[in-house]
Each structure stands twice: as structure tokens, then as C-alpha cells.
Amino acid sequence: QPGRGFMGKRSAPGDPGAPLPSPQSADALILPHAHAFSLETASQASGIATNPPDGVIGCCAVSPGLVLLTLRAGSPSGYGLRDWPLLVGGAGVGDEPAFVLAYGGVVRSPLAVRFAAAAAAYMHGVDDAYFCGGSFWDGLGDRPTLRQIAERAVETLRGPLPLDEADRERWRGRGGRGGGEPREAG
């Protein structure tokens with residue numbers, strides 16, 4: 001019925017006549033166990049666990065295609081004060097290149113990389129769902145190794161804390177503790 005929220009007949013999953021999902025729909029998500037590049041990346045976890053890069057204190061495959069890295073930046077202040085869980089696996093966030101060319105937006109990253117700590121939402125380059133944004137992937141290419149991803153995540157932790165006033169207020173209200181003002185991580 002027009003005007004009452006009726007959208008027409010819904011197609012069954014797998015119906016070849018069904019419209020393609022939009023790039024932002026949940027239907028377009030690929031979970032780690034079904035994402036070939038996630039499976040390939042997760043196969044590198046034992047090598048990282050055996051010989052971790054600087055700042056990585058733990059690495060394990062928690063399920064097919066999903067890796068949990070535990071990071072510690074090593075600085076005596078800022079983000080370096082704590083351990084940071086980082087999940088690697090699944091289709092990356094963003095849109096397909098053809099969609100971005102036609103409508104604008106951000107090209108899909110090769111993998112989903114997500115900090116599993118609420119305080120990560122206040123980092124530069126991390127969105128409100130704790131996923132690393134486009135700047136995280138700059139210079140890593142289309143198929144970065146798990147080691148490259150781990151090293152970039154540690155670099156992110158060693159980067160600057162929020163510096164503008166709006167970021168400072170959010171920092172104070174949701175996780176800033178102790179000595180007052182946020183400062184550059186060193």
C-alpha cells in the first residue's frame with residue numbers, strides 16, 4: 001500500500017532476479033570465515049606469535065579468518081600506557097571502487113581492522129565503531145601482510161592524542177583519567 005511503508009515483494013535470498021544490495025547494506029558484509037584474504041592473513045598469525053614485531057605482545061587466530069593482536073605501544077604516556085586488542089579479519093569498510101567513482105566516498109579497505117577497546121573511538125583515523133579508516137592503509141597496498149598491519153597499528157598507537165577542543169572534551173568525558181590534559185604520545 002503506497003504511503004504506508006510497503007516496499008513491494010521481498011525476494012528470497014539467492015534469487016537471481018533480486019536487486020543487488022547497496023554498498024552500505026548488511027547483505028554486502030563478508031564475515032572473516034568467508035573472506036579469502038582474511039583466511040590468508042590469519043594463516044600468518046603463528047609466525048607473528050613466534051616472532052612479533054616491536055609493540056606486539058600477543059597474536060592468535062581466534063576463529064577462521066579472524067586474528068586477535070594484542071599491542072602495547074611502549075611509551076610511558078598516552079596510548080602506550082595500556083594493552084590494546086586489535087581484531088583483523090572480514091571484508092574492509094568502505095565502498096567498492098566503481099561506486100566511489102560514480103558517487104564519491106571512501107574505497108573499501110582490504111580487511112576489517114578494528115580496535116576492541118572503546119577508547120579507540122577518540123584516536124585520529126579510527127571511526128565511532130573502532131574501525132581503522134582510510135589513512136591507516138596509506139602506503140600498505142592492496143594485500144598487506146599481517147606483520148605490516150600490526151606495525152601500522154603500533155604506529156597508530158604511538159601517534160598523537162586528540163588535540164582540538166572537541167576531542168579534548170570527549171576525551172575528558174569518556175576515558176581521560178588522571179593527570180588532566182591529553183598530550184602527544186611519546
# chains A, B, ... in the order shown; residues from 1 in each chain; ligands from 1
>>> residues_around(residues="Arg82 in chain A", least_positions_apart="3", cutoff="12 Å", atoms="only C-alpha atoms", output="VMD selection string")
chain A and resid 55 57 70 to 79 85 117 119 to 120 157 to 158
>>> atom_distance(atom1="CA of Leu81 in chain A", atom2="CA of Glu151 in chain A")
17.5 Å
>>> residues_around(residues="Gly90 in chain A", least_positions_apart="2", cutoff="7 Å", atoms="only C-alpha atoms", output="count of residues only")
8
>>> atom_distance(atom1="CA of Gly65 in chain A", atom2="CA of Met123 in chain A")
25.5 Å
>>> atom_distance(atom1="CA of Thr156 in chain A", atom2="CA of Pro97 in chain A")
25.4 Å
>>> residues_around(residues="Ser46 in chain A", least_positions_apart="3", cutoff="9 Å", atoms="only C-alpha atoms", output="short mmCIF file (atom, residue, chain, number, x, y, z; two decimals) with C-alpha atoms, in the first residue's frame")
data_model
loop_
_atom_site.label_atom_id
_atom_site.label_comp_id
_atom_site.auth_asym_id
_atom_site.auth_seq_id
_atom_site.Cartn_x
_atom_site.Cartn_y
_atom_site.Cartn_z
CA ALA A 42 45.06 -15.35 9.55
CA SER A 43 47.40 -18.10 8.35
CA ALA A 49 53.25 -15.07 17.59
CA THR A 50 56.68 -16.69 17.22
CA ASN A 51 58.49 -13.56 16.05
CA CYS A 59 48.87 -12.82 18.43
CA CYS A 60 46.43 -15.67 17.85
CA ALA A 61 43.83 -16.78 15.35
#
>>> residues_around(residues="Ala129 in chain A", least_positions_apart="6", cutoff="9 Å", atoms="only C-alpha atoms", output="number ranges by chain")
A: 114-115, 118, 120-121
>>> closest_residue(among="A:Pro53, A:Tyr103, A:Gly141, A:Asp95", to="Ala153 in chain A", atoms="only C-alpha atoms")
A:Pro53
>>> closest_residue(among="A:Leu66, A:Gln44, A:Ile149, A:Ala116", to="Phe131 in chain A", atoms="only C-alpha atoms")
A:Ala116
>>> select_by_dssp(residues="range 31-141 of chain A", states="helix (DSSP H, G or I)", output="PyMOL selection string")
chain A and resi 32-34+36-42+45-50+78-81+97-103+118-122+134-137
>>> decode(residues="range 90-103 of chain A", atoms="N, CA, C and O atoms", output="PDB file, in the first residue's frame")
ATOM      1  N   GLY A  90      37.769 -10.142   7.994  1.00  0.00           N
ATOM      2  CA  GLY A  90      36.491  -9.781   7.396  1.00  0.00           C
ATOM      3  C   GLY A  90      36.701  -8.748   6.315  1.00  0.00           C
ATOM      4  O   GLY A  90      37.785  -8.179   6.170  1.00  0.00           O
ATOM      5  N   ALA A  91      35.661  -8.500   5.551  1.00  0.00           N
ATOM      6  CA  ALA A  91      35.745  -7.501   4.487  1.00  0.00           C
ATOM      7  C   ALA A  91      35.938  -6.132   5.106  1.00  0.00           C
ATOM      8  O   ALA A  91      35.343  -5.808   6.135  1.00  0.00           O
ATOM      9  N   GLY A  92      36.777  -5.336   4.476  1.00  0.00           N
ATOM     10  CA  GLY A  92      37.051  -3.999   4.974  1.00  0.00           C
ATOM     11  C   GLY A  92      35.861  -3.073   4.848  1.00  0.00           C
ATOM     12  O   GLY A  92      34.886  -3.368   4.157  1.00  0.00           O
ATOM     13  N   VAL A  93      35.941  -1.946   5.529  1.00  0.00           N
ATOM     14  CA  VAL A  93      34.875  -0.951   5.467  1.00  0.00           C
ATOM     15  C   VAL A  93      35.105  -0.020   4.290  1.00  0.00           C
ATOM     16  O   VAL A  93      36.228   0.146   3.815  1.00  0.00           O
ATOM     17  N   GLY A  94      34.038   0.587   3.808  1.00  0.00           N
ATOM     18  CA  GLY A  94      34.094   1.487   2.664  1.00  0.00           C
ATOM     19  C   GLY A  94      33.276   0.935   1.520  1.00  0.00           C
ATOM     20  O   GLY A  94      32.520  -0.026   1.671  1.00  0.00           O
ATOM     21  N   ASP A  95      33.422   1.557   0.364  1.00  0.00           N
ATOM     22  CA  ASP A  95      32.629   1.200  -0.806  1.00  0.00           C
ATOM     23  C   ASP A  95      33.505   0.633  -1.915  1.00  0.00           C
ATOM     24  O   ASP A  95      34.721   0.824  -1.924  1.00  0.00           O
ATOM     25  N   GLU A  96      32.865  -0.054  -2.834  1.00  0.00           N
ATOM     26  CA  GLU A  96      33.574  -0.599  -3.989  1.00  0.00           C
ATOM     27  C   GLU A  96      34.075   0.549  -4.866  1.00  0.00           C
ATOM     28  O   GLU A  96      33.433   1.600  -4.950  1.00  0.00           O
ATOM     29  N   PRO A  97      35.234   0.375  -5.538  1.00  0.00           N
ATOM     30  CA  PRO A  97      35.808   1.453  -6.352  1.00  0.00           C
ATOM     31  C   PRO A  97      34.846   2.051  -7.375  1.00  0.00           C
ATOM     32  O   PRO A  97      34.799   3.266  -7.554  1.00  0.00           O
ATOM     33  N   ALA A  98      34.043   1.231  -8.046  1.00  0.00           N
ATOM     34  CA  ALA A  98      33.110   1.748  -9.056  1.00  0.00           C
ATOM     35  C   ALA A  98      32.071   2.664  -8.413  1.00  0.00           C
ATOM     36  O   ALA A  98      31.701   3.695  -8.987  1.00  0.00           O
ATOM     37  N   PHE A  99      31.615   2.319  -7.229  1.00  0.00           N
ATOM     38  CA  PHE A  99      30.639   3.146  -6.516  1.00  0.00           C
ATOM     39  C   PHE A  99      31.271   4.482  -6.142  1.00  0.00           C
ATOM     40  O   PHE A  99      30.655   5.544  -6.291  1.00  0.00           O
ATOM     41  N   VAL A 100      32.511   4.452  -5.651  1.00  0.00           N
ATOM     42  CA  VAL A 100      33.205   5.678  -5.254  1.00  0.00           C
ATOM     43  C   VAL A 100      33.416   6.591  -6.460  1.00  0.00           C
ATOM     44  O   VAL A 100      33.238   7.806  -6.363  1.00  0.00           O
ATOM     45  N   LEU A 101      33.782   6.007  -7.610  1.00  0.00           N
ATOM     46  CA  LEU A 101      33.954   6.815  -8.821  1.00  0.00           C
ATOM     47  C   LEU A 101      32.654   7.513  -9.215  1.00  0.00           C
ATOM     48  O   LEU A 101      32.664   8.673  -9.625  1.00  0.00           O
ATOM     49  N   ALA A 102      31.557   6.808  -9.100  1.00  0.00           N
ATOM     50  CA  ALA A 102      30.275   7.364  -9.526  1.00  0.00           C
ATOM     51  C   ALA A 102      29.671   8.330  -8.514  1.00  0.00           C
ATOM     52  O   ALA A 102      29.103   9.346  -8.890  1.00  0.00           O
ATOM     53  N   TYR A 103      29.790   8.018  -7.226  1.00  0.00           N
ATOM     54  CA  TYR A 103      29.062   8.779  -6.214  1.00  0.00           C
ATOM     55  C   TYR A 103      29.931   9.420  -5.142  1.00  0.00           C
ATOM     56  O   TYR A 103      29.423  10.140  -4.298  1.00  0.00           O
TER      57      TYR A 103
END
